[in-house]
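See below for query.cif, which holds mmCIF, C-alpha atoms and all ligand atoms.
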data_start
loop_
_atom_site.group_PDB
_atom_site.id
_atom_site.type_symbol
_atom_site.label_atom_id
_atom_site.label_comp_id
_atom_site.auth_asym_id
_atom_site.auth_seq_id
_atom_site.Cartn_x
_atom_site.Cartn_y
_atom_site.Cartn_z
ATOM 1 C CA MET S 1 0.000 0.000 0.000
ATOM 2 C CA ARG S 2 1.398 3.427 -0.975
ATOM 3 C CA HIS S 3 -1.291 5.923 0.072
ATOM 4 C CA PHE S 4 -4.457 5.347 2.102
ATOM 5 C CA THR S 5 -7.316 7.636 1.149
ATOM 6 C CA SER S 6 -10.158 5.245 0.290
ATOM 7 C CA VAL S 7 -11.376 1.652 0.368
ATOM 8 C CA LYS S 8 -9.981 1.511 -3.175
ATOM 9 C CA ASP S 9 -6.485 1.400 -1.654
ATOM 10 C CA ILE S 10 -7.320 -1.985 -0.087
ATOM 11 C CA GLU S 11 -6.523 -4.863 -2.424
ATOM 12 C CA ASN S 12 -8.174 -7.597 -0.381
ATOM 13 C CA LEU S 13 -10.628 -6.532 2.322
ATOM 14 C CA PRO S 14 -11.135 -9.967 3.961
ATOM 15 C CA ALA S 15 -7.340 -10.434 4.158
ATOM 16 C CA ILE S 16 -6.705 -7.033 5.730
ATOM 17 C CA LEU S 17 -9.545 -7.631 8.199
ATOM 18 C CA ARG S 18 -7.829 -10.861 9.284
ATOM 19 C CA GLU S 19 -4.603 -8.893 9.685
ATOM 20 C CA ALA S 20 -6.448 -6.270 11.750
ATOM 21 C CA PHE S 21 -7.669 -8.914 14.202
ATOM 22 C CA GLU S 22 -4.118 -10.282 14.518
ATOM 23 C CA ILE S 23 -2.916 -6.751 15.346
ATOM 24 C CA LYS S 24 -5.769 -6.297 17.816
ATOM 25 C CA ALA S 25 -4.703 -9.513 19.588
ATOM 26 C CA GLN S 26 -0.958 -8.694 19.507
ATOM 27 C CA PRO S 27 -0.472 -4.925 19.169
ATOM 28 C CA PHE S 28 3.289 -4.976 19.858
ATOM 29 C CA LYS S 29 4.245 -7.832 17.537
ATOM 30 C CA ASP S 30 5.726 -5.386 14.998
ATOM 31 C CA GLU S 31 7.158 -2.878 17.459
ATOM 32 C CA LEU S 32 10.458 -2.644 15.538
ATOM 33 C CA LEU S 33 8.945 -2.248 12.055
ATOM 34 C CA GLY S 34 8.797 1.561 12.284
ATOM 35 C CA LYS S 35 12.106 2.100 14.126
ATOM 36 C CA HIS S 36 13.817 5.295 12.869
ATOM 37 C CA ARG S 37 10.688 6.162 10.852
ATOM 38 C CA THR S 38 8.636 9.301 11.505
ATOM 39 C CA MET S 39 4.899 9.808 11.215
ATOM 40 C CA GLY S 40 3.714 13.393 10.787
ATOM 41 C CA LEU S 41 0.121 14.169 11.731
ATOM 42 C CA LEU S 42 -1.213 17.414 10.275
ATOM 43 C CA PHE S 43 -4.512 18.795 11.453
ATOM 44 C CA PHE S 44 -6.362 21.513 9.592
ATOM 45 C CA ASN S 45 -9.359 20.681 11.873
ATOM 46 C CA SER S 46 -10.066 19.504 15.430
ATOM 47 C CA SER S 47 -9.775 15.904 16.553
ATOM 48 C CA LEU S 48 -9.743 13.721 19.655
ATOM 49 C CA ARG S 49 -9.882 10.096 18.447
ATOM 50 C CA THR S 50 -7.951 10.415 15.205
ATOM 51 C CA ARG S 51 -5.160 12.408 16.827
ATOM 52 C CA LEU S 52 -4.645 9.986 19.712
ATOM 53 C CA SER S 53 -5.395 6.668 18.008
ATOM 54 C CA THR S 54 -3.126 7.347 15.017
ATOM 55 C CA GLN S 55 -0.269 8.424 17.290
ATOM 56 C CA LYS S 56 -0.772 5.312 19.414
ATOM 57 C CA ALA S 57 -0.842 3.113 16.306
ATOM 58 C CA ALA S 58 2.396 4.637 15.002
ATOM 59 C CA GLN S 59 4.062 4.291 18.397
ATOM 60 C CA ASN S 60 2.969 0.623 18.671
ATOM 61 C CA LEU S 61 4.956 0.109 15.462
ATOM 62 C CA GLY S 62 8.006 1.864 16.924
ATOM 63 C CA MET S 63 7.608 5.092 14.918
ATOM 64 C CA ASN S 64 8.349 8.601 16.116
ATOM 65 C CA THR S 65 5.401 10.955 15.808
ATOM 66 C CA MET S 66 5.143 14.699 15.181
ATOM 67 C CA VAL S 67 1.822 16.521 15.407
ATOM 68 C CA LEU S 68 1.135 19.937 13.899
ATOM 69 C CA ASN S 69 -2.074 21.943 14.038
ATOM 70 C CA ILE S 70 -1.725 23.646 10.675
ATOM 71 C CA ASN S 71 -3.056 27.232 10.603
ATOM 72 C CA GLU S 72 -2.765 27.440 14.418
ATOM 73 C CA ASP S 73 0.751 26.318 15.417
ATOM 74 C CA GLY S 74 2.251 26.739 11.938
ATOM 75 C CA TRP S 75 1.915 29.384 9.239
ATOM 76 C CA LYS S 76 -1.482 29.734 7.627
ATOM 77 C CA ILE S 77 -1.431 27.744 4.372
ATOM 78 C CA GLU S 78 -2.486 28.985 0.940
ATOM 79 C CA THR S 79 -3.949 26.116 -1.097
ATOM 80 C CA GLY S 80 -4.934 27.981 -4.277
ATOM 81 C CA PHE S 81 -2.707 28.289 -7.341
ATOM 82 C CA GLY S 82 -1.722 31.556 -8.989
ATOM 83 C CA VAL S 83 -2.795 33.488 -5.904
ATOM 84 C CA VAL S 84 -1.060 36.771 -5.035
ATOM 85 C CA MET S 85 -0.264 35.940 -1.439
ATOM 86 C CA ASP S 86 -0.827 39.393 0.039
ATOM 87 C CA GLY S 87 -3.264 38.218 2.750
ATOM 88 C CA ASP S 88 -2.775 36.426 6.066
ATOM 89 C CA LYS S 89 -1.556 33.143 4.516
ATOM 90 C CA ALA S 90 2.249 33.121 4.626
ATOM 91 C CA GLU S 91 3.058 29.666 3.224
ATOM 92 C CA HIS S 92 1.940 27.797 0.120
ATOM 93 C CA ILE S 93 0.847 24.170 0.249
ATOM 94 C CA LYS S 94 3.500 23.256 -2.375
ATOM 95 C CA GLU S 95 6.419 24.242 -0.126
ATOM 96 C CA ALA S 96 4.716 23.077 3.071
ATOM 97 C CA ALA S 97 4.069 19.593 1.651
ATOM 98 C CA GLY S 98 7.568 19.342 0.163
ATOM 99 C CA VAL S 99 9.247 20.341 3.428
ATOM 100 C CA ILE S 100 7.132 18.111 5.676
ATOM 101 C CA GLY S 101 7.830 15.230 3.286
ATOM 102 C CA ARG S 102 11.552 15.684 4.028
ATOM 103 C CA TYR S 103 10.933 15.349 7.769
ATOM 104 C CA CYS S 104 8.445 12.459 7.706
ATOM 105 C CA ASP S 105 8.236 8.963 6.199
ATOM 106 C CA ILE S 106 4.419 8.947 6.299
ATOM 107 C CA ILE S 107 2.083 11.944 6.623
ATOM 108 C CA GLY S 108 -1.482 11.863 7.940
ATOM 109 C CA ILE S 109 -3.730 14.748 6.894
ATOM 110 C CA ARG S 110 -7.015 15.924 8.380
ATOM 111 C CA SER S 111 -8.745 18.478 6.184
ATOM 112 C CA PHE S 112 -12.543 18.786 6.264
ATOM 113 C CA ALA S 113 -14.890 19.956 3.542
ATOM 114 C CA GLY S 114 -15.570 23.683 3.511
ATOM 115 C CA LEU S 115 -19.212 22.940 2.501
ATOM 116 C CA LYS S 116 -19.394 26.023 0.294
ATOM 117 C CA ASP S 117 -18.107 24.737 -3.057
ATOM 118 C CA ARG S 118 -19.074 21.128 -3.802
ATOM 119 C CA GLU S 119 -16.785 20.773 -6.780
ATOM 120 C CA ALA S 120 -13.783 22.044 -4.818
ATOM 121 C CA ASP S 121 -14.520 19.789 -1.846
ATOM 122 C CA TYR S 122 -15.105 16.700 -3.995
ATOM 123 C CA SER S 123 -11.821 17.310 -5.863
ATOM 124 C CA GLU S 124 -9.980 16.595 -2.565
ATOM 125 C CA HIS S 125 -7.567 19.401 -3.388
ATOM 126 C CA VAL S 126 -5.591 19.407 -0.110
ATOM 127 C CA LEU S 127 -5.112 15.635 -0.001
ATOM 128 C CA SER S 128 -4.112 15.476 -3.658
ATOM 129 C CA GLN S 129 -1.638 18.350 -3.296
ATOM 130 C CA PHE S 130 0.079 16.541 -0.439
ATOM 131 C CA ILE S 131 0.170 13.356 -2.523
ATOM 132 C CA GLU S 132 1.728 15.315 -5.378
ATOM 133 C CA TYR S 133 4.282 17.408 -3.484
ATOM 134 C CA ALA S 134 5.221 15.558 -0.269
ATOM 135 C CA GLY S 135 6.896 12.612 -2.010
ATOM 136 C CA VAL S 136 5.969 10.203 0.810
ATOM 137 C CA PRO S 137 2.860 8.112 1.561
ATOM 138 C CA ILE S 138 -0.217 10.078 2.607
ATOM 139 C CA VAL S 139 -2.901 8.771 4.963
ATOM 140 C CA SER S 140 -6.301 10.445 5.075
ATOM 141 C CA MET S 141 -7.257 11.200 8.669
ATOM 142 C CA GLU S 142 -10.611 12.503 7.332
ATOM 143 C CA ALA S 143 -10.683 14.538 4.186
ATOM 144 C CA ALA S 144 -13.490 16.428 2.449
ATOM 145 C CA THR S 145 -15.325 13.391 1.119
ATOM 146 C CA GLY S 146 -14.159 10.404 3.141
ATOM 147 C CA HIS S 147 -12.972 9.139 6.505
ATOM 148 C CA PRO S 148 -11.460 5.755 5.616
ATOM 149 C CA LEU S 149 -9.653 5.106 8.935
ATOM 150 C CA GLN S 150 -13.018 5.512 10.672
ATOM 151 C CA ALA S 151 -14.836 3.289 8.182
ATOM 152 C CA PHE S 152 -12.172 0.587 8.496
ATOM 153 C CA ALA S 153 -12.589 0.690 12.305
ATOM 154 C CA ASP S 154 -16.366 0.506 11.816
ATOM 155 C CA ILE S 155 -16.083 -2.633 9.695
ATOM 156 C CA ILE S 156 -13.689 -4.202 12.231
ATOM 157 C CA THR S 157 -16.329 -3.470 14.897
ATOM 158 C CA ILE S 158 -19.119 -5.046 12.855
ATOM 159 C CA GLU S 159 -16.957 -8.130 12.247
ATOM 160 C CA GLN S 160 -16.307 -8.298 15.987
ATOM 161 C CA TYR S 161 -19.997 -8.281 16.932
ATOM 162 C CA ARG S 162 -21.877 -9.760 13.985
ATOM 163 C CA LYS S 163 -23.938 -12.919 14.629
ATOM 164 C CA VAL S 164 -24.947 -13.646 11.029
ATOM 165 C CA PRO S 165 -22.776 -13.918 7.902
ATOM 166 C CA LYS S 166 -24.506 -11.030 6.103
ATOM 167 C CA PRO S 167 -25.809 -8.579 8.697
ATOM 168 C CA ARG S 168 -28.403 -5.919 7.878
ATOM 169 C CA VAL S 169 -26.532 -2.664 8.468
ATOM 170 C CA VAL S 170 -28.566 0.543 8.590
ATOM 171 C CA LEU S 171 -26.922 3.939 8.164
ATOM 172 C CA THR S 172 -29.391 6.509 9.446
ATOM 173 C CA TRP S 173 -29.284 10.287 9.141
ATOM 174 C CA ALA S 174 -30.060 12.044 12.453
ATOM 175 C CA PRO S 175 -30.551 15.730 13.298
ATOM 176 C CA HIS S 176 -27.776 18.122 14.311
ATOM 177 C CA PRO S 177 -27.667 21.879 14.925
ATOM 178 C CA ARG S 178 -24.763 22.498 12.505
ATOM 179 C CA ALA S 179 -24.045 21.593 8.889
ATOM 180 C CA LEU S 180 -21.640 18.643 8.825
ATOM 181 C CA PRO S 181 -19.667 17.105 5.928
ATOM 182 C CA GLN S 182 -20.639 13.868 4.181
ATOM 183 C CA ALA S 183 -17.217 12.238 4.728
ATOM 184 C CA VAL S 184 -18.180 9.735 7.440
ATOM 185 C CA PRO S 185 -21.441 8.482 5.868
ATOM 186 C CA ASN S 186 -19.813 8.367 2.416
ATOM 187 C CA SER S 187 -17.029 6.118 3.657
ATOM 188 C CA PHE S 188 -19.204 4.024 5.936
ATOM 189 C CA ALA S 189 -21.663 3.209 3.141
ATOM 190 C CA GLN S 190 -18.864 2.476 0.683
ATOM 191 C CA TRP S 191 -16.943 0.193 3.059
ATOM 192 C CA ALA S 192 -20.078 -1.608 4.329
ATOM 193 C CA VAL S 193 -21.091 -2.446 0.738
ATOM 194 C CA ALA S 194 -17.507 -3.569 -0.008
ATOM 195 C CA ALA S 195 -17.663 -5.830 3.054
ATOM 196 C CA GLY S 196 -20.706 -7.572 1.558
ATOM 197 C CA TYR S 197 -23.294 -6.494 4.132
ATOM 198 C CA ASP S 198 -26.980 -5.862 3.430
ATOM 199 C CA VAL S 199 -26.689 -2.055 3.590
ATOM 200 C CA VAL S 200 -29.658 0.286 3.962
ATOM 201 C CA VAL S 201 -29.221 4.072 4.009
ATOM 202 C CA THR S 202 -32.133 6.030 5.455
ATOM 203 C CA HIS S 203 -32.564 9.804 5.482
ATOM 204 C CA PRO S 204 -35.150 12.489 4.730
ATOM 205 C CA GLU S 205 -35.554 13.288 1.040
ATOM 206 C CA GLY S 206 -32.891 15.746 -0.108
ATOM 207 C CA TYR S 207 -30.119 14.109 1.916
ATOM 208 C CA GLU S 208 -29.076 11.634 -0.789
ATOM 209 C CA LEU S 209 -25.318 11.042 -0.702
ATOM 210 C CA GLU S 210 -23.178 11.154 -3.835
ATOM 211 C CA GLU S 211 -24.244 8.054 -5.742
ATOM 212 C CA SER S 212 -20.825 6.427 -6.116
ATOM 213 C CA PHE S 213 -20.542 6.088 -2.322
ATOM 214 C CA THR S 214 -23.912 4.381 -1.838
ATOM 215 C CA ARG S 215 -23.873 2.177 -4.944
ATOM 216 C CA GLY S 216 -24.999 -1.291 -3.853
ATOM 217 C CA ALA S 217 -26.968 0.011 -0.834
ATOM 218 C CA THR S 218 -30.753 0.354 -0.578
ATOM 219 C CA ILE S 219 -32.024 3.903 -0.040
ATOM 220 C CA GLU S 220 -35.107 3.961 2.227
ATOM 221 C CA TYR S 221 -36.831 7.236 3.125
ATOM 222 C CA ASP S 222 -39.002 5.574 5.813
ATOM 223 C CA GLN S 223 -36.673 5.351 8.808
ATOM 224 C CA ARG S 224 -38.880 2.942 10.770
ATOM 225 C CA LYS S 225 -39.095 0.573 7.821
ATOM 226 C CA ALA S 226 -35.308 0.743 7.438
ATOM 227 C CA PHE S 227 -34.792 -0.236 11.076
ATOM 228 C CA GLU S 228 -36.912 -3.403 10.833
ATOM 229 C CA GLY S 229 -34.656 -6.424 11.287
ATOM 230 C CA ALA S 230 -31.458 -4.363 11.514
ATOM 231 C CA ASP S 231 -28.409 -6.012 13.100
ATOM 232 C CA PHE S 232 -26.429 -2.755 13.277
ATOM 233 C CA VAL S 233 -27.632 0.841 13.400
ATOM 234 C CA TYR S 234 -25.062 3.483 12.458
ATOM 235 C CA ALA S 235 -26.287 7.002 13.187
ATOM 236 C CA LYS S 236 -24.725 10.104 11.677
ATOM 237 C CA ASN S 237 -25.716 13.570 10.648
ATOM 238 C CA TRP S 238 -24.677 15.039 7.332
ATOM 239 C CA SER S 239 -25.623 18.134 5.393
ATOM 240 C CA SER S 240 -27.206 17.944 1.967
ATOM 241 C CA TYR S 241 -25.049 16.905 -0.983
ATOM 242 C CA LEU S 242 -27.672 17.997 -3.546
ATOM 243 C CA GLN S 243 -28.290 21.427 -1.980
ATOM 244 C CA TYR S 244 -24.668 21.471 -1.017
ATOM 245 C CA GLY S 245 -23.858 22.100 2.640
ATOM 246 C CA ARG S 246 -27.407 23.068 3.576
ATOM 247 C CA ILE S 247 -29.420 21.883 6.578
ATOM 248 C CA LEU S 248 -32.788 20.777 5.179
ATOM 249 C CA SER S 249 -34.243 19.221 8.325
ATOM 250 C CA GLN S 250 -33.806 19.159 12.060
ATOM 251 C CA ASP S 251 -36.679 16.740 12.603
ATOM 252 C CA ARG S 252 -36.164 15.148 16.041
ATOM 253 C CA HIS S 253 -38.309 12.170 15.034
ATOM 254 C CA TRP S 254 -35.084 10.950 13.372
ATOM 255 C CA THR S 255 -33.195 10.910 16.716
ATOM 256 C CA VAL S 256 -32.419 7.248 17.444
ATOM 257 C CA ASP S 257 -34.315 6.255 20.583
ATOM 258 C CA GLU S 258 -35.531 3.072 22.273
ATOM 259 C CA GLY S 259 -38.618 2.991 20.046
ATOM 260 C CA HIS S 260 -36.406 2.849 16.954
ATOM 261 C CA MET S 261 -34.129 0.193 18.437
ATOM 262 C CA ALA S 262 -37.164 -1.964 19.366
ATOM 263 C CA LEU S 263 -37.819 -2.391 15.631
ATOM 264 C CA THR S 264 -34.418 -4.037 15.101
ATOM 265 C CA ARG S 265 -33.090 -7.549 15.589
ATOM 266 C CA GLU S 266 -31.431 -6.487 18.882
ATOM 267 C CA ALA S 267 -29.140 -4.259 16.836
ATOM 268 C CA ARG S 268 -25.881 -2.836 18.053
ATOM 269 C CA PHE S 269 -25.755 0.957 18.047
ATOM 270 C CA MET S 270 -22.764 2.641 16.385
ATOM 271 C CA HIS S 271 -21.530 6.204 15.937
ATOM 272 C CA CYS S 272 -18.072 7.541 15.031
ATOM 273 C CA LEU S 273 -18.113 10.100 17.898
ATOM 274 C CA PRO S 274 -18.170 12.865 18.956
ATOM 275 C CA VAL S 275 -21.932 12.553 19.294
ATOM 276 C CA ARG S 276 -24.567 15.067 20.384
ATOM 277 C CA ARG S 277 -26.694 13.223 22.917
ATOM 278 C CA ASN S 278 -30.451 13.554 22.555
ATOM 279 C CA MET S 279 -29.988 15.022 19.080
ATOM 280 C CA ILE S 280 -28.405 12.068 17.251
ATOM 281 C CA VAL S 281 -29.210 9.406 19.863
ATOM 282 C CA SER S 282 -31.068 9.286 23.155
ATOM 283 C CA ASP S 283 -29.181 8.783 26.423
ATOM 284 C CA ALA S 284 -31.079 5.527 26.919
ATOM 285 C CA VAL S 285 -29.736 4.033 23.681
ATOM 286 C CA ILE S 286 -26.126 5.202 23.875
ATOM 287 C CA ASP S 287 -25.919 4.151 27.532
ATOM 288 C CA SER S 288 -27.498 0.739 26.847
ATOM 289 C CA PRO S 289 -25.611 -2.553 26.377
ATOM 290 C CA ALA S 290 -26.511 -2.317 22.659
ATOM 291 C CA SER S 291 -24.113 0.600 22.231
ATOM 292 C CA VAL S 292 -20.627 -0.302 20.969
ATOM 293 C CA VAL S 293 -19.363 3.255 20.446
ATOM 294 C CA ILE S 294 -16.436 2.964 22.872
ATOM 295 C CA GLU S 295 -15.173 -0.300 21.369
ATOM 296 C CA GLU S 296 -15.661 1.252 17.930
ATOM 297 C CA ALA S 297 -13.382 4.140 18.973
ATOM 298 C CA ALA S 298 -10.891 1.647 20.445
ATOM 299 C CA ASN S 299 -10.769 -0.038 17.040
ATOM 300 C CA ARG S 300 -9.466 3.218 15.561
ATOM 301 C CA VAL S 301 -6.030 2.188 16.866
ATOM 302 C CA VAL S 302 -6.397 -1.169 15.120
ATOM 303 C CA SER S 303 -7.415 0.316 11.770
ATOM 304 C CA ALA S 304 -4.628 2.904 11.851
ATOM 305 C CA GLN S 305 -2.009 0.372 12.913
ATOM 306 C CA THR S 306 -3.037 -2.061 10.168
ATOM 307 C CA VAL S 307 -2.794 0.681 7.536
ATOM 308 C CA LEU S 308 0.547 2.017 8.820
ATOM 309 C CA LYS S 309 1.984 -1.493 9.005
ATOM 310 C CA ASN S 310 1.082 -2.126 5.360
ATOM 311 C CA ILE S 311 2.589 1.196 4.266
ATOM 312 C CA LEU S 312 5.785 0.617 6.280
ATOM 313 C CA GLN S 313 6.172 -2.796 4.670
ATOM 314 C CA SER S 314 6.072 -1.131 1.246
ATOM 315 C CA LEU S 315 8.737 1.531 1.980
HETATM 316 N N1 LIG W 401 -14.372 9.916 14.832
HETATM 317 C C1 LIG W 401 -13.391 10.832 14.724
HETATM 318 O O1 LIG W 401 -12.723 10.964 13.687
HETATM 319 O O2 LIG W 401 -13.174 11.512 15.873
HETATM 320 P P1 LIG W 401 -12.269 12.813 15.986
HETATM 321 O O3 LIG W 401 -12.906 13.878 15.118
HETATM 322 O O4 LIG W 401 -12.274 13.184 17.454
HETATM 323 O O5 LIG W 401 -10.895 12.499 15.495
#

What would you get if you wrote out this structure as structure tokens?
Ligand code: CP
Amino acid sequence: MRHFTSVKDIENLPAILREAFEIKAQPFKDELLGKHRTMGLLFFNSSLRTRLSTQKAAQNLGMNTMVLNINEDGWKIETGFGVVMDGDKAEHIKEAAGVIGRYCDIIGIRSFAGLKDREADYSEHVLSQFIEYAGVPIVSMEAATGHPLQAFADIITIEQYRKVPKPRVVLTWAPHPRALPQAVPNSFAQWAVAAGYDVVVTHPEGYELEESFTRGATIEYDQRKAFEGADFVYAKNWSSYLQYGRILSQDRHWTVDEGHMALTREARFMHCLPVRRNMIVSDAVIDSPASVVIEEAANRVVSAQTVLKNILQSL
């Protein structure tokens, strides 16, 4: 594996899932693999889980880690081309990527969608500029359109808890006070289909995700119907892709509560976190034994370590 930005970078999903469970069982087996190698973690946006789990994964492999909050601790970065840089941005992404690539063997990038210009966001400009100019492998730590480390951890979690070979996995939109990107639901739907699950995506009309991410899933506008017989419920808010970045609904009937979960086949509840309680999910559900959100977050170390191990082996 050279770069990791999508499920398309995985050659054999069942094989890498087996590898992930080996790493979960023996996290220090490859503790010398990354000796004298450096992982740089660059954050254009906030993070708790990704920041800590990716550092822990790199350290389990013996790597050194360097973390930089771009635009806060470093110079503000200009990402446009041909710009007269007479504003507050002192450094261009071309030089920044080139320099960081000389300090690091692998670079993780977190750069969210701006939610103003769909074409710009879906071009993954920041990620692709780092791939072009850093000269070292790039790992997406959540970009504009995808969050593959999260989705990989989600699939590991489903494999850990599933009771049937082909579980019914329901991705449900839920209300939120702010407009959020589509990265997490895009990746979750794409990875869950790739894993061979029976995937249902449910949301109010107008919240359809970009079609290539949900190809192979069933779209169901009736949330209660979607929940019937579910083995896993994955809740997430996202803003509209069609009316790009807009909030079209804040309907609290979509908040996942005990009534919703009663429709399922004793489903496990999942969310990538952070989660707004009693907006996305009721206290009763997230605090119930059905909730696997903490184990799901724990599996972020496993997904990151599996990806970093594969990249290190290719250096
Ligand atoms: N799920 C996730 O990526 O969490 P953070 O935003 O805290 O990294």

Test item: the PyMOL selection byres (((chain S and resi 217) around 9) and not hetatm) resolved as a PDB file with C-alpha atoms, in the frame of the given file:
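The resulting file, part-v2.pdb, is reproduced below:
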ATOM      1  CA  ALA S 189     -21.663   3.209   3.141  1.00  0.00           C
ATOM      2  CA  GLN S 190     -18.864   2.476   0.683  1.00  0.00           C
ATOM      3  CA  ALA S 192     -20.078  -1.608   4.329  1.00  0.00           C
ATOM      4  CA  VAL S 193     -21.091  -2.446   0.738  1.00  0.00           C
ATOM      5  CA  TYR S 197     -23.294  -6.494   4.132  1.00  0.00           C
ATOM      6  CA  ASP S 198     -26.980  -5.862   3.430  1.00  0.00           C
ATOM      7  CA  VAL S 199     -26.689  -2.055   3.590  1.00  0.00           C
ATOM      8  CA  VAL S 200     -29.658   0.286   3.962  1.00  0.00           C
ATOM      9  CA  VAL S 201     -29.221   4.072   4.009  1.00  0.00           C
ATOM     10  CA  PHE S 213     -20.542   6.088  -2.322  1.00  0.00           C
ATOM     11  CA  THR S 214     -23.912   4.381  -1.838  1.00  0.00           C
ATOM     12  CA  ARG S 215     -23.873   2.177  -4.944  1.00  0.00           C
ATOM     13  CA  GLY S 216     -24.999  -1.291  -3.853  1.00  0.00           C
ATOM     14  CA  THR S 218     -30.753   0.354  -0.578  1.00  0.00           C
ATOM     15  CA  ILE S 219     -32.024   3.903  -0.040  1.00  0.00           C
TER      16      ILE S 219
END

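Remark: for ligand LIG 401 (chain W), the closest of the candidate residues S:Lys166, S:Lys309, S:Arg110, S:Lys35 is S:Arg110 (distances computed over only C-alpha atoms and all ligand atoms).
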
Please report, as CSV, each residue of chain S lying at most 8 Å from ligand LIG 401 (chain W), together with the nearest pair of atoms and the separation in Å rounded to one decimal; use all atoms listed in the file, and order rows by chain and ascending residue number.
residue,atom,partner,partner_atom,distance
S:Ser46,CA,W:LIG401,O3,6.3
S:Ser47,CA,W:LIG401,O5,3.7
S:Leu48,CA,W:LIG401,O4,3.4
S:Arg49,CA,W:LIG401,O5,3.9
S:Thr50,CA,W:LIG401,O5,3.6
S:Arg51,CA,W:LIG401,O5,5.9
S:Leu52,CA,W:LIG401,O5,7.9
S:Met141,CA,W:LIG401,O1,7.4
S:Glu142,CA,W:LIG401,O1,6.9
S:His147,CA,W:LIG401,O1,7.4
S:Gln150,CA,W:LIG401,N1,6.2
S:Cys272,CA,W:LIG401,N1,4.4
S:Leu273,CA,W:LIG401,N1,4.8
S:Pro274,CA,W:LIG401,O2,6.0
S:Ala297,CA,W:LIG401,N1,7.2

Output for the residues just chosen: C-alpha atoms as a PDB file, in the coordinates of the input:
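Just written: part-v1.pdb:
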ATOM      1  CA  SER S  46     -10.066  19.504  15.430  1.00  0.00           C
ATOM      2  CA  SER S  47      -9.775  15.904  16.553  1.00  0.00           C
ATOM      3  CA  LEU S  48      -9.743  13.721  19.655  1.00  0.00           C
ATOM      4  CA  ARG S  49      -9.882  10.096  18.447  1.00  0.00           C
ATOM      5  CA  THR S  50      -7.951  10.415  15.205  1.00  0.00           C
ATOM      6  CA  ARG S  51      -5.160  12.408  16.827  1.00  0.00           C
ATOM      7  CA  LEU S  52      -4.645   9.986  19.712  1.00  0.00           C
ATOM      8  CA  MET S 141      -7.257  11.200   8.669  1.00  0.00           C
ATOM      9  CA  GLU S 142     -10.611  12.503   7.332  1.00  0.00           C
ATOM     10  CA  HIS S 147     -12.972   9.139   6.505  1.00  0.00           C
ATOM     11  CA  GLN S 150     -13.018   5.512  10.672  1.00  0.00           C
ATOM     12  CA  CYS S 272     -18.072   7.541  15.031  1.00  0.00           C
ATOM     13  CA  LEU S 273     -18.113  10.100  17.898  1.00  0.00           C
ATOM     14  CA  PRO S 274     -18.170  12.865  18.956  1.00  0.00           C
ATOM     15  CA  ALA S 297     -13.382   4.140  18.973  1.00  0.00           C
TER      16      ALA S 297
END

Using all atoms listed in the file, pick whichever of S:Leu263, S:Met279, S:Ala143, S:Ile286 has the shortest atom-to-atom distance to Thr5 of chain S.
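Under the stated criterion, the closest residue is S:Ala143.
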
Can you translate the PyMOL selection byres (((chain S and resi 108) around 8) and not hetatm) into the concrete residues it hits in this file, as a list in words?
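Those residues are Met39, Gly40, Leu41, Leu42, Ile106, Ile107, Ile109, Arg110, Ile138, Val139, Ser140 and Met141 of chain S.
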
Select from segment 47-134 of chain S every residue with an atom at most 12 Å from any atom of segment 221-243 of chain S, then for each give the shortest pair of atoms and their distance in Å to one decimal, using all atoms listed in the file, rows by chain and rising number, as a tab-separated table.
residue	atom	partner	partner_atom	distance
S:Ala113	CA	S:Ser239	CA	11.0
S:Gly114	CA	S:Ser239	CA	11.6
S:Leu115	CA	S:Ser239	CA	8.5
S:Lys116	CA	S:Gln243	CA	10.3
S:Asp117	CA	S:Tyr241	CA	10.7
S:Arg118	CA	S:Tyr241	CA	7.8
S:Glu119	CA	S:Tyr241	CA	10.8
S:Asp121	CA	S:Tyr241	CA	11.0
S:Tyr122	CA	S:Tyr241	CA	10.4

Could you pull segment 73-88 of chain S out of the block above and give me C-alpha atoms, as an mmCIF file, in the first residue's frame?
data_model
loop_
_atom_site.group_PDB
_atom_site.id
_atom_site.type_symbol
_atom_site.label_atom_id
_atom_site.label_comp_id
_atom_site.auth_asym_id
_atom_site.auth_seq_id
_atom_site.Cartn_x
_atom_site.Cartn_y
_atom_site.Cartn_z
ATOM 1 C CA ASP S 73 0.751 26.318 15.417
ATOM 2 C CA GLY S 74 2.251 26.739 11.938
ATOM 3 C CA TRP S 75 1.915 29.384 9.239
ATOM 4 C CA LYS S 76 -1.482 29.734 7.627
ATOM 5 C CA ILE S 77 -1.431 27.744 4.372
ATOM 6 C CA GLU S 78 -2.486 28.985 0.940
ATOM 7 C CA THR S 79 -3.949 26.116 -1.097
ATOM 8 C CA GLY S 80 -4.934 27.981 -4.277
ATOM 9 C CA PHE S 81 -2.707 28.289 -7.341
ATOM 10 C CA GLY S 82 -1.722 31.556 -8.989
ATOM 11 C CA VAL S 83 -2.795 33.488 -5.904
ATOM 12 C CA VAL S 84 -1.060 36.771 -5.035
ATOM 13 C CA MET S 85 -0.264 35.940 -1.439
ATOM 14 C CA ASP S 86 -0.827 39.393 0.039
ATOM 15 C CA GLY S 87 -3.264 38.218 2.750
ATOM 16 C CA ASP S 88 -2.775 36.426 6.066
#
